[in-house]
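What follows is a set of notes on a single structure, which appears directly below.
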Amino acid sequence: MDLIYTPEQNAFRKEVRAWLAANIPAKPLASFDTQEGFEQHRAWEKTLAKGNWGMVTWPKEYGGRGCNLIEWLIFEEEYYRASAPLRVNQNGIFLLGPTLMEYGTPAQKERFITKMASGEEMWAQGWSEPGAGSDLAAIRSKAIRQGDEYVLNGQKVWSTRAVFADWVFCIFRTDPASERHHGLSFIFVPLNAPGVTVRPIPQLDGLPGFAEIFFDDVRVPVENRLGDEGQGWNIAMSTAGFERGLMLRSPARFQETAKRLVKLYREHSNDILDLSIEDAVVKCYMDAEAYALSTYQTASRLMKGGKIGSESSVNKIFWSELDQLMHETAMNILGWRAELWPQSPAAGDVGHWLDGFLFAQSGPIYAGTNEIQRNIIAERLLGMPRK
Amino acid sequence: MDLIYTPEQNAFRKEVRAWLAANIPAKPLASFDTQEGFEQHRAWEKTLAKGNWGMVTWPKEYGGRGCNLIEWLIFEEEYYRASAPLRVNQNGIFLLGPTLMEYGTPAQKERFITKMASGEEMWAQGWSEPGAGSDLAAIRSKAIRQGDEYVLNGQKVWSTRAVFADWVFCIFRTDPASERHHGLSFIFVPLNAPGVTVRPIPQLDGLPGFAEIFFDDVRVPVENRLGDEGQGWNIAMSTAGFERGLMLRSPARFQETAKRLVKLYREHSNDILDLSIEDAVVKCYMDAEAYALSTYQTASRLMKGGKIGSESSVNKIFWSELDQLMHETAMNILGWRAELWPQSPAAGDVGHWLDGFLFAQSGPIYAGTNEIQRNIIAERLLGMPRK
Amino acid sequence: MDFTFTEDQRLFCDNVKVFLQNEVTPEALRKSWESESGRSPELWQKLVDIGLTAMLVPEKFGGLGMNAVDFILIAQECGRAALAEPLVETALVGVPLLASLADNDERCAQLLEKIATGERRIAVGHSVNNLISDAHVADYLLLPNGNQIHLVPREQVHLVAQQSVDPSRRLFSVDWKVTEETLLTNGALGVSLLAAALNRGALGAAAQLLGLAEAMVGLAVAYTSDRKQFGKPIGVNQALKHHMANCAVKTEFAKPVLYRAAYTASTHPVHADFAVSHAKVAAGEAALLAAKNSIQSFGAMGYTWECDLHIFMKRAWALDKYWGHAGFHKNRLHQWLLNPNAKIGADKTFGEQA
Amino acid sequence: MDFTFTEDQRLFCDNVKVFLQNEVTPEALRKSWESESGRSPELWQKLVDIGLTAMLVPEKFGGLGMNAVDFILIAQECGRAALAEPLVETALVGVPLLASLADNDERCAQLLEKIATGERRIAVGHSVNNLISDAHVADYLLLPNGNQIHLVPREQVHLVAQQSVDPSRRLFSVDWKVTEETLLTNGALGVSLLAAALNRGALGAAAQLLGLAEAMVGLAVAYTSDRKQFGKPIGVNQALKHHMANCAVKTEFAKPVLYRAAYTASTHPVHADFAVSHAKVAAGEAALLAAKNSIQSFGAMGYTWECDLHIFMKRAWALDKYWGHAGFHKNRLHQWLLNPNAKIGADKTFGEQA
């Protein structure tokens with residue numbers, strides 16, 4: 001055990017810090033759930049890609065830096081420390097990118113990865129269907145092969161970013177006679193293809209962060225299939241290999257929120273009456289720190305050849321409930337101002353706690369509800385009986 | 001709505017208070033899970049019965065006072081306010097007594113009720129079996145009729161008070177071919193009958209608050225059956241009619257604990273460092289009060305002819321978790337002294353918080369685990385689907 | 001000693017509940033968000049017509065002469081329906097304040113009569129809130145200035161609209177000039193009337209929070225009974241059952257606390273502080289838990305604008321902080337508990353009255 | 001930067017784990033409760049023989065020259081087995097204190113050598129605990145007196161036994177006379193050594209608490225997988241699964257916190273306060289939750305003396321309050337967070353060392 005950064009790691013941190021200081025947009029970007037904000041964020045992704053900062057763990061040939069996981073953590077720490085823009089490109093860099101590298105043909109890699117990394121082509125994800133949420137294997141959307149093409153019919157829902165994105169990666173049922181997780185294939189669809197209809201779904205804040213996607217005799221070439229026919233489930237499940245459980249939410253994000261919370265607390269320490277707030281602030285700080293320490297521990301283990309286990313379920317529960325507690329605590333500190341949007345004249349320096357509070361509501365739900373994660377922990381990590 | 005006591009109610013309170021002040025044993029009694037303490041508590045039950053205070057809601061003919069529920073609450077308030085001894089007779093007065101009054105033959109009532117009320121005959125309860133806990137209908141102990149007798153074989157467990165009690169009331173399977181909740185009967189067994197073996201089960205504090213009871217060809221007369229043959233399940237389920245859900249734990253008990261907790265908190269307010277303790281103390285006070293208010297509300301409703309619904313499940317969860325929180329909070333205030341038994345020389349005035357803490361552990365478990373109670377609330381009160 | 005509502009009180013409440021169910025539908029609320037005022041004069045007049053603004057107006061001023069106990073079930077229904085119109089602020093908070101002064105102040109007497117008939121409307125300011133809700137549809141504003149209470153025509157104030165997370169809420173900061181003409185009272189009477197108004201405001205918010213909590217649990221139970229995954233309604237899962245059961249426990253035990261607070265605020269307003277604070281804290285916790293567990297039960301659907309759940313969640317988040325947030329009210333209880341003479345213990349539940 | 005244990009550290013820990021599993025069975029613990037001392041000299045000698053008391057003794061005094069990071073996994077195993085012998089107090093708390101003084105104090109040097117061989121035993125007093133555990137089997141007691149630290153032979157003190165809820169624990173209050181002869185150090189060095197001892201004490205308690213938490217969850221998982229109701233193992237119920245999963249989440253996230261604290265206590269003891277306090281709070285919460293959820297999963301069985309669960313629960317309840325209760329440690333964190341110069345934020349996780 002050695003918890004001191006190497007000189008190289010410290011130098012890397014300096015380099016990241018300097019580049020970010022020089023390149024981060026001076027004005028905060030608009031929400032990427034608006035057309036304007038989406039394009040602003042796309043431009044930022046291009047800037048990142050140009051500096052080879054898009055995804056530092058990717059190989060150099062794809063615009064990355066071949067960084068290890070500790071370096072990735074350092075990058076993330078500096079990224080959040082600098083309040084850099086949220087990553088509109090996360091479907092590409094965290095989910096599809098690593099999957100493409102593992103399962104893609106050389107032609108697919110060439111066609112898709114660079115444009116993905118540069119932000120030129122933005123990706124949405126299309127897994128859930130109206131009847132297939134937690135029960136993802138209940139997918140009914142079909143891709144029927146006709147010659148060199150698939151003909152797509154069906155409907156996807158909760159497709160994040162689909163309103164403004166260029167492409168969507170989906171799972172379709174390519175074997176109409178199949179059931180559950182058999183007979184599914186992983187297919188890319190351009191969102192401007194004839195027969196594709198995207199219906200925005202406004203979220204709690206009124207902005208269309210989700211969409212439904214309808215496929216009506218949409219035709220895509222067979223080359224748009226990733227991996228073999230019928231292999232879709234396995235690819236979807238393994239998508240980003242071991243890194244995904246680690247990278248879905250980097251600890252730096254929560255550490256910076258905890259820091260802002262402590263600052264808010266200090267500023268209000270004279271008018272805080274709620275006897276539970278002090279305790280909650282201490283807990284938030286501790287948990288943000290624990291999440292960072294846990295991630296460093298896992299990263300160290302993986303770098304020595306370890307495999308990721310049920311960490312992703314344990315992590316999911318921990319960070320989502322931490323995020324809720326941090327924002328609930330901020331709301332309690334803010335009192336009567338808590339309900340105000342920051343543009344309200346009386347809001348003062350209320351900041352974006354309300355946005356964060358609304359977003360925190362989704363944490364325990366998405367990427368597998370926390371109830372499902374708890375089942376997984378009980379059954380797989382602890383070995384409790386399934387039936 | 002009128003939340004003022006009538007002059008009669010105030011007079012009743014005065015009478016209770018005066019009698020208790022004159023009659024409560026000067027020295028605290030030993031634990032009724034010891035032979036010595038059991039007999040001390042039995043003597044106290046006799047004293048109560050002599051004054052007609054054993055169970056104030058019972059009819060006068062059975063040694064009660066025919067009080068209504070509000071008067072019962074007043075009695076309980078004064079009882080706990082005066083720190084009167086715990087009721088060793090609760091199986092008799094809360095569970096079996098009302099059931100006997102409803103289902104007993106005149107001969108059974110005459111034979112059993114008065115001696116129960118006086119504490120001359122103390123009762124244990126024998127429902128659970130090793131394979132029938134939460135799933136009570138899985139009972140396997142048998143009572144096979146032979147002429148005017150039942151021959152009992154089998155085993156009961158978690159029988160509270162059975163180590164020192166005189167009688168036990170049980171459910172046995174009288175129809176050997178029956179399944180689940182059919183074919184069961186409610187039967188009284190003297191614990192000194194040949195073939196009965198009582199094995200004490202020490203609890204967390206080392207004292208035998210539970211027992212297993214083994215029945216090995218035990219013979220009891222058919223007159224010891226309450227209600228009809230095969231009616232045991234219904235009688236057991238309805239046992240004490242609507243009052244049981246209300247009376248299992250009277251709010252006064254928790255209000256007095258909350259009062260002691262607030263006192264402990266005030267005494268330690270200068271050395272309390274745990275930022276969550278203040279909040280917990282306020283919460284404990286509020287919840288003890290809420291439980292009292294809720295009970296008054298239910299009592300008022302029942303006195304106007306209302307029926308008790310899922311209140312008993314809601315109540316069970318609320319008081320058991322409140323009791324845990326109160327004792328956990330006291331432990332946190334006591335710090336290094338929390339682990340000490342009161343007889344430790346260094347314990348000072350640590351009091352009986354540790355005993356109470358251990359007992360509070362059983363609250364969410366017994367009388368139907370809180371998990372089962374939550375199922376009942378979801379399915380019966382809220383109407384969620386069973387399957 | 002009788003801790004029940006009368007048959008009349010229950011019946012009237014049931015009628016109001018049906019009325020609100022029909023009039024204040026989620027569709028109607030969504031439509032109101034698109035109007036500038038966010039309010040419907042027609043709906044207000046209907047509320048007036050069934051007597052709701054007149055309930056706490058004394059009979060001599062044309063009202064029904066009722067009290068907070070009579071109104072508390074109605075306030076719960078306003079929460080259940082997520083009614084946006086300021087009925088609770090008007091009838092439970094503003095009216096009794098005016099009534100306390102009306103015997104000696106013709107302005108208040110006249111205004112009460114017109115509130116009862118719907119000819120005039122009021123909004124109520126209080127230092128604990130900073131912002132005033134529904135000032136834009138009021139003819140008069142009750143405004144505090146230290147110990148003073150003023151009654152100011154809306155034309156004489158400058159309103160600045162503030163944006164709440166709840167699109168139904170219309171909040172304003174108010175600029176106004178203190179003049180002799182608008183002064184109603186001051187000194188000790190001002191202090192006690194403002195304190196009582198705060199308690200009634202918190203009481204009304206608590207009642208609405210409990211109604212909201214039940215509404216959210218109702219939506220979530222219906223959804224989880226209907227929505228199928230793995231071939232079964234998701235509501236069969238014990239985790240979701242227990243989420244909902246936990247809400248029910250909180251709500252059921254907040255109700256008697258609320259009703260006691262309403263009773264105490266009616267009969268012994270000077271002793272109502274901790275009863276009201278208890279109710280506000282308990283109801284706030286019940287509503288916040290209901291919001292959290294309901295959205296969790298809905299899953300992604302609950303996170304959308306088109307799902308009605310957010311109508312109720314946002315109101316709950318806002319009212320939890322309105323008329324004193326949890327810290328304010330817990331602190332009042334805490335200060336009281338620290339007092340060695342605080343009447344607590346088994347025989348003191350109704351001790352203030354004994 | 002490498003946040004893993006070495007292969008050697010893991011292997012040694014596994015060996016100790018197996019040793020403790022064989023030697024410190026619940027039956028053996030129950031038997032020890034009946035002896036007057038509650039302790040087994042034979043078991044102690046075995047612990048000595050596998051080198052455990054010598055781990056943190058410097059090599060020049062006949063030890064292995066290891067540190068708190070090497071020992072922390074062992075301390076977890078002591079908790080998992082509910083070991084009653086004072087190994088953690090001796091090896092992790094007392095030994096480094098003596099080692100800090102041994103270069104200039106022959107008494108400490110000699111004692112260290114004899115602790116390593118098992119010829120002598122010690123007990124450690126600290127103002128945060130008031131009582132001293134295992135003083136009755138110690139040859140020498142390390143006792144604080146203000147800033148002073150004394151090394152007092154047991155014959156020179158008067159012990160009064162205290163009864164803990166945990167029948168394995170043997171606690172004593174100690175009467176003793178301060179003399180010049182027993183003084184080891186005082187002044188600033190005394191202060192810093194006592195502060196470091198407190199941190200190592202809390203660290204050892206935290207490690208044991210995590211071991212206890214895992215032991216309890218292990219027992220509960222085994223029981224619920226085996227015990228049948230309604231024709232199925234009770235462990236199929238989602239409520240019980242989630243009880244256990246919640247314990248796992250708490251425990252998994254307390255571990256890296258514990259290991260970081262051990263590292264900091266070894267390498268930067270003067271900066272270890274908040275790392276250690278964090279570990280003690282997190283481990284205490286994990287153990288208390290494991291106790292609560294495990295007894296709930298066992299049902300009535302868990303409430304009995306014959307079920308092994310209480311062996312672990314009672315130790316957890318006791319250790320949660322030993323070497324500083326949650327309030328003490330949360331307060332240290334709170335005071336630190338209030339400092340505007342506190343190094344917090346995304347780039348500061350290992351900031352003290354950077």
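If you're wondering about the labels, chains in the structure tokens are A, B, ... by order shown, residues count from 1 in each chain, ligands from 1 in order shown.
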Closest-contact table, chain B side, partner chain A, 10 Å, counting only C-alpha atoms, as a tab-separated table:
residue	atom	partner	partner_atom	distance
B:Asp274	CA	A:Asp279	CA	7.9
B:Leu275	CA	A:Asp279	CA	5.1
B:Ser276	CA	A:Asp279	CA	5.6
B:Ile277	CA	A:Leu275	CA	8.5
B:Glu278	CA	A:Leu275	CA	6.3
B:Asp279	CA	A:Leu275	CA	5.2
B:Ala280	CA	A:Ser276	CA	8.4
B:Val282	CA	A:Leu275	CA	9.1
Next on the checklist: Should the cut-off be 8 Å, what would the residue list for chain B against chain D look like, counting only C-alpha atoms, as a VMD selection string?
Outcome noted: chain B and resid 131 to 135 138 158 201 to 206 272 to 275 332 335 to 336 338 to 341 343 to 346 354 361 to 362 364 to 366 369 371
Checklist entry - Which polymer residues have any atom within 6 Å of an atom of Gly183 (chain B), counting only C-alpha atoms, with same-chain residues fewer than 2 positions away left out, as a PyMOL selection string? => result chain B and resi 173-175+178+230
Next on the checklist: At a cut-off of 6 Å, using only C-alpha atoms, what residues contact region 112-119 of chain A? Leave out same-chain residues fewer than 6 positions from it and give the result as an MDAnalysis selection string.
Outcome noted: chainID A and resid 42 45:46 49
Next, write the just-selected residues to a file, as an mmCIF file, in the first residue's frame, keeping N, CA, C and O atoms as the atom set.
data_model
loop_
_atom_site.group_PDB
_atom_site.id
_atom_site.type_symbol
_atom_site.label_atom_id
_atom_site.label_comp_id
_atom_site.auth_asym_id
_atom_site.auth_seq_id
_atom_site.Cartn_x
_atom_site.Cartn_y
_atom_site.Cartn_z
ATOM 1 N N ARG A 42 -21.490 19.935 -27.607
ATOM 2 C CA ARG A 42 -20.837 19.205 -28.693
ATOM 3 C C ARG A 42 -19.509 19.898 -29.057
ATOM 4 O O ARG A 42 -18.489 19.230 -29.249
ATOM 5 N N GLU A 45 -16.942 19.000 -26.582
ATOM 6 C CA GLU A 45 -16.415 17.653 -26.823
ATOM 7 C C GLU A 45 -15.346 17.698 -27.922
ATOM 8 O O GLU A 45 -14.329 16.998 -27.848
ATOM 9 N N LYS A 46 -15.594 18.538 -28.933
ATOM 10 C CA LYS A 46 -14.607 18.664 -30.019
ATOM 11 C C LYS A 46 -13.303 19.227 -29.470
ATOM 12 O O LYS A 46 -12.208 18.776 -29.827
ATOM 13 N N ALA A 49 -11.543 16.588 -27.597
ATOM 14 C CA ALA A 49 -10.973 15.578 -28.493
ATOM 15 C C ALA A 49 -9.714 16.117 -29.166
ATOM 16 O O ALA A 49 -8.723 15.396 -29.336
#
Checklist entry - Near region 299-315 of chain B, counting only C-alpha atoms, which residues have an atom at most 9 Å away, once you skip same-chain residues fewer than 6 positions from it, shown as JSON, numbers by chain? => result {"B": [68, 69, 70, 73, 241, 242, 243, 244, 245, 246, 248, 249, 291, 368, 370, 372, 373, 374, 376, 377, 380, 381], "C": [1, 2, 3, 4, 245, 248, 249, 252, 253]}
Write to file, as a CSV table (one decimal), in the first residue's frame, the residues of the selection just made, with N, CA, C and O atoms.
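What follows is the written file out-v1.csv:
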chain,number,residue,atom,x,y,z
B,68,ASN,N,-64.3,2.4,30.2
B,68,ASN,CA,-64.1,2.5,28.7
B,68,ASN,C,-62.6,2.7,28.4
B,68,ASN,O,-61.8,2.8,29.3
B,69,LEU,N,-62.4,2.9,27.1
B,69,LEU,CA,-61.0,2.9,26.7
B,69,LEU,C,-60.2,4.1,27.1
B,69,LEU,O,-59.0,4.1,27.3
B,70,ILE,N,-60.9,5.2,27.1
B,70,ILE,CA,-60.3,6.5,27.6
B,70,ILE,C,-59.9,6.3,29.1
B,70,ILE,O,-58.7,6.7,29.5
B,73,LEU,N,-56.8,4.2,29.2
B,73,LEU,CA,-55.6,5.0,28.9
B,73,LEU,C,-55.2,5.8,30.1
B,73,LEU,O,-54.0,6.0,30.4
B,241,GLY,N,-60.2,-9.7,20.3
B,241,GLY,CA,-61.1,-8.8,19.6
B,241,GLY,C,-60.3,-7.5,19.3
B,241,GLY,O,-59.1,-7.5,19.2
B,242,PHE,N,-61.1,-6.4,19.2
B,242,PHE,CA,-60.4,-5.2,18.7
B,242,PHE,C,-59.5,-4.6,19.7
B,242,PHE,O,-58.6,-3.8,19.3
B,243,GLU,N,-59.6,-5.0,20.9
B,243,GLU,CA,-58.8,-4.2,21.9
B,243,GLU,C,-57.3,-4.6,21.8
B,243,GLU,O,-56.4,-3.8,22.2
B,244,ARG,N,-57.0,-5.7,21.3
B,244,ARG,CA,-55.6,-6.2,21.4
B,244,ARG,C,-54.6,-5.3,20.6
B,244,ARG,O,-53.6,-4.9,21.1
B,245,GLY,N,-55.0,-5.0,19.4
B,245,GLY,CA,-54.2,-4.1,18.6
B,245,GLY,C,-53.9,-2.8,19.3
B,245,GLY,O,-52.8,-2.2,19.2
B,246,LEU,N,-54.8,-2.4,20.1
B,246,LEU,CA,-54.7,-1.1,20.8
B,246,LEU,C,-53.9,-1.3,22.1
B,246,LEU,O,-53.2,-0.4,22.6
B,248,LEU,N,-51.7,-3.8,23.2
B,248,LEU,CA,-50.5,-4.6,23.3
B,248,LEU,C,-49.4,-3.8,23.9
B,248,LEU,O,-48.6,-4.2,24.8
B,249,ARG,N,-49.3,-2.5,23.5
B,249,ARG,CA,-48.3,-1.6,24.1
B,249,ARG,C,-49.0,-0.3,24.4
B,249,ARG,O,-49.3,0.4,23.5
B,291,TYR,N,-47.8,8.6,19.2
B,291,TYR,CA,-48.4,7.3,19.5
B,291,TYR,C,-49.5,7.5,20.5
B,291,TYR,O,-50.6,6.8,20.4
B,368,GLY,N,-45.4,-11.0,15.5
B,368,GLY,CA,-45.5,-10.8,14.0
B,368,GLY,C,-44.4,-9.8,13.6
B,368,GLY,O,-44.4,-8.6,14.0
B,370,ASN,N,-41.9,-7.1,11.9
B,370,ASN,CA,-42.3,-5.9,11.2
B,370,ASN,C,-42.4,-6.0,9.7
B,370,ASN,O,-43.1,-5.3,9.1
B,372,ILE,N,-43.6,-8.7,8.3
B,372,ILE,CA,-45.0,-9.2,8.0
B,372,ILE,C,-46.0,-8.1,8.2
B,372,ILE,O,-46.9,-8.0,7.4
B,373,GLN,N,-45.8,-7.2,9.2
B,373,GLN,CA,-46.7,-6.1,9.4
B,373,GLN,C,-46.7,-5.2,8.2
B,373,GLN,O,-47.7,-4.7,7.8
B,374,ARG,N,-45.5,-5.0,7.6
B,374,ARG,CA,-45.5,-4.1,6.4
B,374,ARG,C,-46.2,-4.7,5.2
B,374,ARG,O,-46.9,-4.0,4.5
B,376,ILE,N,-48.7,-6.6,5.5
B,376,ILE,CA,-50.2,-6.5,5.8
B,376,ILE,C,-50.7,-5.1,5.5
B,376,ILE,O,-51.7,-4.9,4.9
B,377,ILE,N,-49.9,-4.1,5.9
B,377,ILE,CA,-50.3,-2.7,5.6
B,377,ILE,C,-50.4,-2.5,4.1
B,377,ILE,O,-51.3,-1.9,3.6
B,380,ARG,N,-53.4,-5.0,2.8
B,380,ARG,CA,-54.8,-4.8,3.3
B,380,ARG,C,-55.2,-3.3,3.4
B,380,ARG,O,-56.3,-2.9,3.1
B,381,LEU,N,-54.2,-2.5,3.9
B,381,LEU,CA,-54.6,-1.0,4.1
B,381,LEU,C,-54.5,-0.3,2.7
B,381,LEU,O,-55.4,0.5,2.4
C,1,MET,N,-63.8,14.1,26.7
C,1,MET,CA,-62.6,13.7,25.9
C,1,MET,C,-63.2,12.9,24.7
C,1,MET,O,-63.7,11.8,24.8
C,2,ASP,N,-63.0,13.5,23.5
C,2,ASP,CA,-63.5,12.8,22.3
C,2,ASP,C,-62.7,13.3,21.1
C,2,ASP,O,-62.8,14.4,20.7
C,3,PHE,N,-61.9,12.4,20.7
C,3,PHE,CA,-60.9,12.7,19.6
C,3,PHE,C,-61.4,12.3,18.2
C,3,PHE,O,-60.7,11.6,17.5
C,4,THR,N,-62.6,12.6,17.9
C,4,THR,CA,-63.2,12.3,16.6
C,4,THR,C,-63.8,13.6,16.0
C,4,THR,O,-64.1,14.5,16.7
C,245,ALA,N,-45.7,0.9,2.6
C,245,ALA,CA,-46.1,0.8,4.0
C,245,ALA,C,-45.4,1.8,4.9
C,245,ALA,O,-46.0,2.3,5.8
C,248,ALA,N,-47.3,4.9,4.7
C,248,ALA,CA,-48.6,4.8,5.4
C,248,ALA,C,-48.4,5.0,6.9
C,248,ALA,O,-49.1,5.7,7.6
C,249,VAL,N,-47.3,4.4,7.4
C,249,VAL,CA,-47.0,4.5,8.9
C,249,VAL,C,-46.8,6.0,9.2
C,249,VAL,O,-47.4,6.5,10.2
C,252,GLU,N,-50.2,7.9,8.8
C,252,GLU,CA,-51.2,7.6,9.8
C,252,GLU,C,-50.9,8.3,11.2
C,252,GLU,O,-51.8,8.7,11.9
C,253,PHE,N,-49.6,8.3,11.5
C,253,PHE,CA,-49.2,8.9,12.8
C,253,PHE,C,-49.1,10.4,12.8
C,253,PHE,O,-48.9,11.0,13.8
Next on the checklist: Give me, as a VMD selection string, all polymer residues having an atom no more than 7 Å from region 204-217 of chain D, counting only C-alpha atoms and skipping those fewer than 6 positions away in the same chain.
Outcome noted: chain D and resid 72 75 to 80 82 88 92 244 251 258 279 to 280 283 to 284 286 to 287 290 to 291 294 309 312 316 319
Contacts of Val257 (chain C) at 9 Å or less, counting only C-alpha atoms, minus same-chain residues fewer than 3 places along, as an mmCIF file with N, CA and C atoms, in the first residue's frame?
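See part34.cif below for the written result:
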data_model
loop_
_atom_site.group_PDB
_atom_site.id
_atom_site.type_symbol
_atom_site.label_atom_id
_atom_site.label_comp_id
_atom_site.auth_asym_id
_atom_site.auth_seq_id
_atom_site.Cartn_x
_atom_site.Cartn_y
_atom_site.Cartn_z
ATOM 1 N N GLU B 289 -45.348 11.060 21.674
ATOM 2 C CA GLU B 289 -46.564 11.869 21.735
ATOM 3 C C GLU B 289 -47.544 11.461 20.625
ATOM 4 N N ALA B 290 -47.009 11.254 19.434
ATOM 5 C CA ALA B 290 -47.868 10.869 18.304
ATOM 6 C C ALA B 290 -48.546 9.536 18.582
ATOM 7 N N LEU B 293 -51.377 10.199 20.939
ATOM 8 C CA LEU B 293 -52.488 10.874 20.263
ATOM 9 C C LEU B 293 -53.235 9.894 19.370
ATOM 10 N N SER B 294 -52.486 9.077 18.677
ATOM 11 C CA SER B 294 -53.112 8.106 17.794
ATOM 12 C C SER B 294 -53.985 7.138 18.587
ATOM 13 N N PHE C 253 -49.569 8.302 11.532
ATOM 14 C CA PHE C 253 -49.213 8.863 12.835
ATOM 15 C C PHE C 253 -49.068 10.376 12.798
ATOM 16 N N ALA C 254 -49.065 10.953 11.619
ATOM 17 C CA ALA C 254 -49.044 12.415 11.557
ATOM 18 C C ALA C 254 -50.451 12.985 11.686
ATOM 19 N N ARG C 260 -54.704 17.345 16.649
ATOM 20 C CA ARG C 260 -54.488 17.948 17.966
ATOM 21 C C ARG C 260 -54.008 19.395 17.812
ATOM 22 N N ALA C 261 -53.130 19.588 16.823
ATOM 23 C CA ALA C 261 -52.623 20.944 16.609
ATOM 24 C C ALA C 261 -53.747 21.881 16.192
ATOM 25 N N ALA C 262 -54.638 21.411 15.347
ATOM 26 C CA ALA C 262 -55.761 22.246 14.921
ATOM 27 C C ALA C 262 -56.643 22.585 16.118
ATOM 28 N N ALA C 275 -47.479 22.124 19.551
ATOM 29 C CA ALA C 275 -48.413 21.215 18.866
ATOM 30 C C ALA C 275 -48.331 21.452 17.353
ATOM 31 N N VAL C 276 -48.289 22.728 16.972
ATOM 32 C CA VAL C 276 -48.231 23.057 15.542
ATOM 33 C C VAL C 276 -46.876 22.652 14.948
ATOM 34 N N HIS C 278 -44.896 20.348 15.929
ATOM 35 C CA HIS C 278 -44.897 18.891 15.803
ATOM 36 C C HIS C 278 -45.645 18.472 14.532
ATOM 37 N N ALA C 279 -46.793 19.070 14.307
ATOM 38 C CA ALA C 279 -47.585 18.702 13.131
ATOM 39 C C ALA C 279 -46.847 19.039 11.835
ATOM 40 N N ALA C 282 -43.946 16.528 11.358
ATOM 41 C CA ALA C 282 -44.423 15.168 11.060
ATOM 42 C C ALA C 282 -45.036 15.103 9.664
ATOM 43 N N ALA C 283 -45.808 16.110 9.310
ATOM 44 C CA ALA C 283 -46.449 16.103 7.993
ATOM 45 C C ALA C 283 -45.409 16.306 6.898
#
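Taking CA of Leu184 (chain D) and CA of His150 (chain D) as the two end points, the separation is 5.2 Å.
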Item to check | Counting only C-alpha atoms, the residue of C:Val236, C:Val69, C:Val18, C:Val48 that sits nearest chain D | outcome: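 For chain D, the nearest of the given residues is C:Val236.
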Next on the checklist: Taking the DSSP secondary structure from the backbone, can you list the residues of region 8-137 of chain A that are strand (DSSP E or B), as a count of residues only?
Outcome noted: 6
Next on the checklist: Going by DSSP on the backbone, which residues of region 144-284 of chain B come out as alpha helix (DSSP H)? List them as a ChimeraX atom specification.
Outcome noted: /B:232-238,243-247,251-267,277-284
Item to check | Straight-line distance linking CA of Phe5 (chain D) with CA of Asn246 (chain D), stated in Å to one decimal | outcome: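 Between these atoms lies a distance of 25.7 Å.
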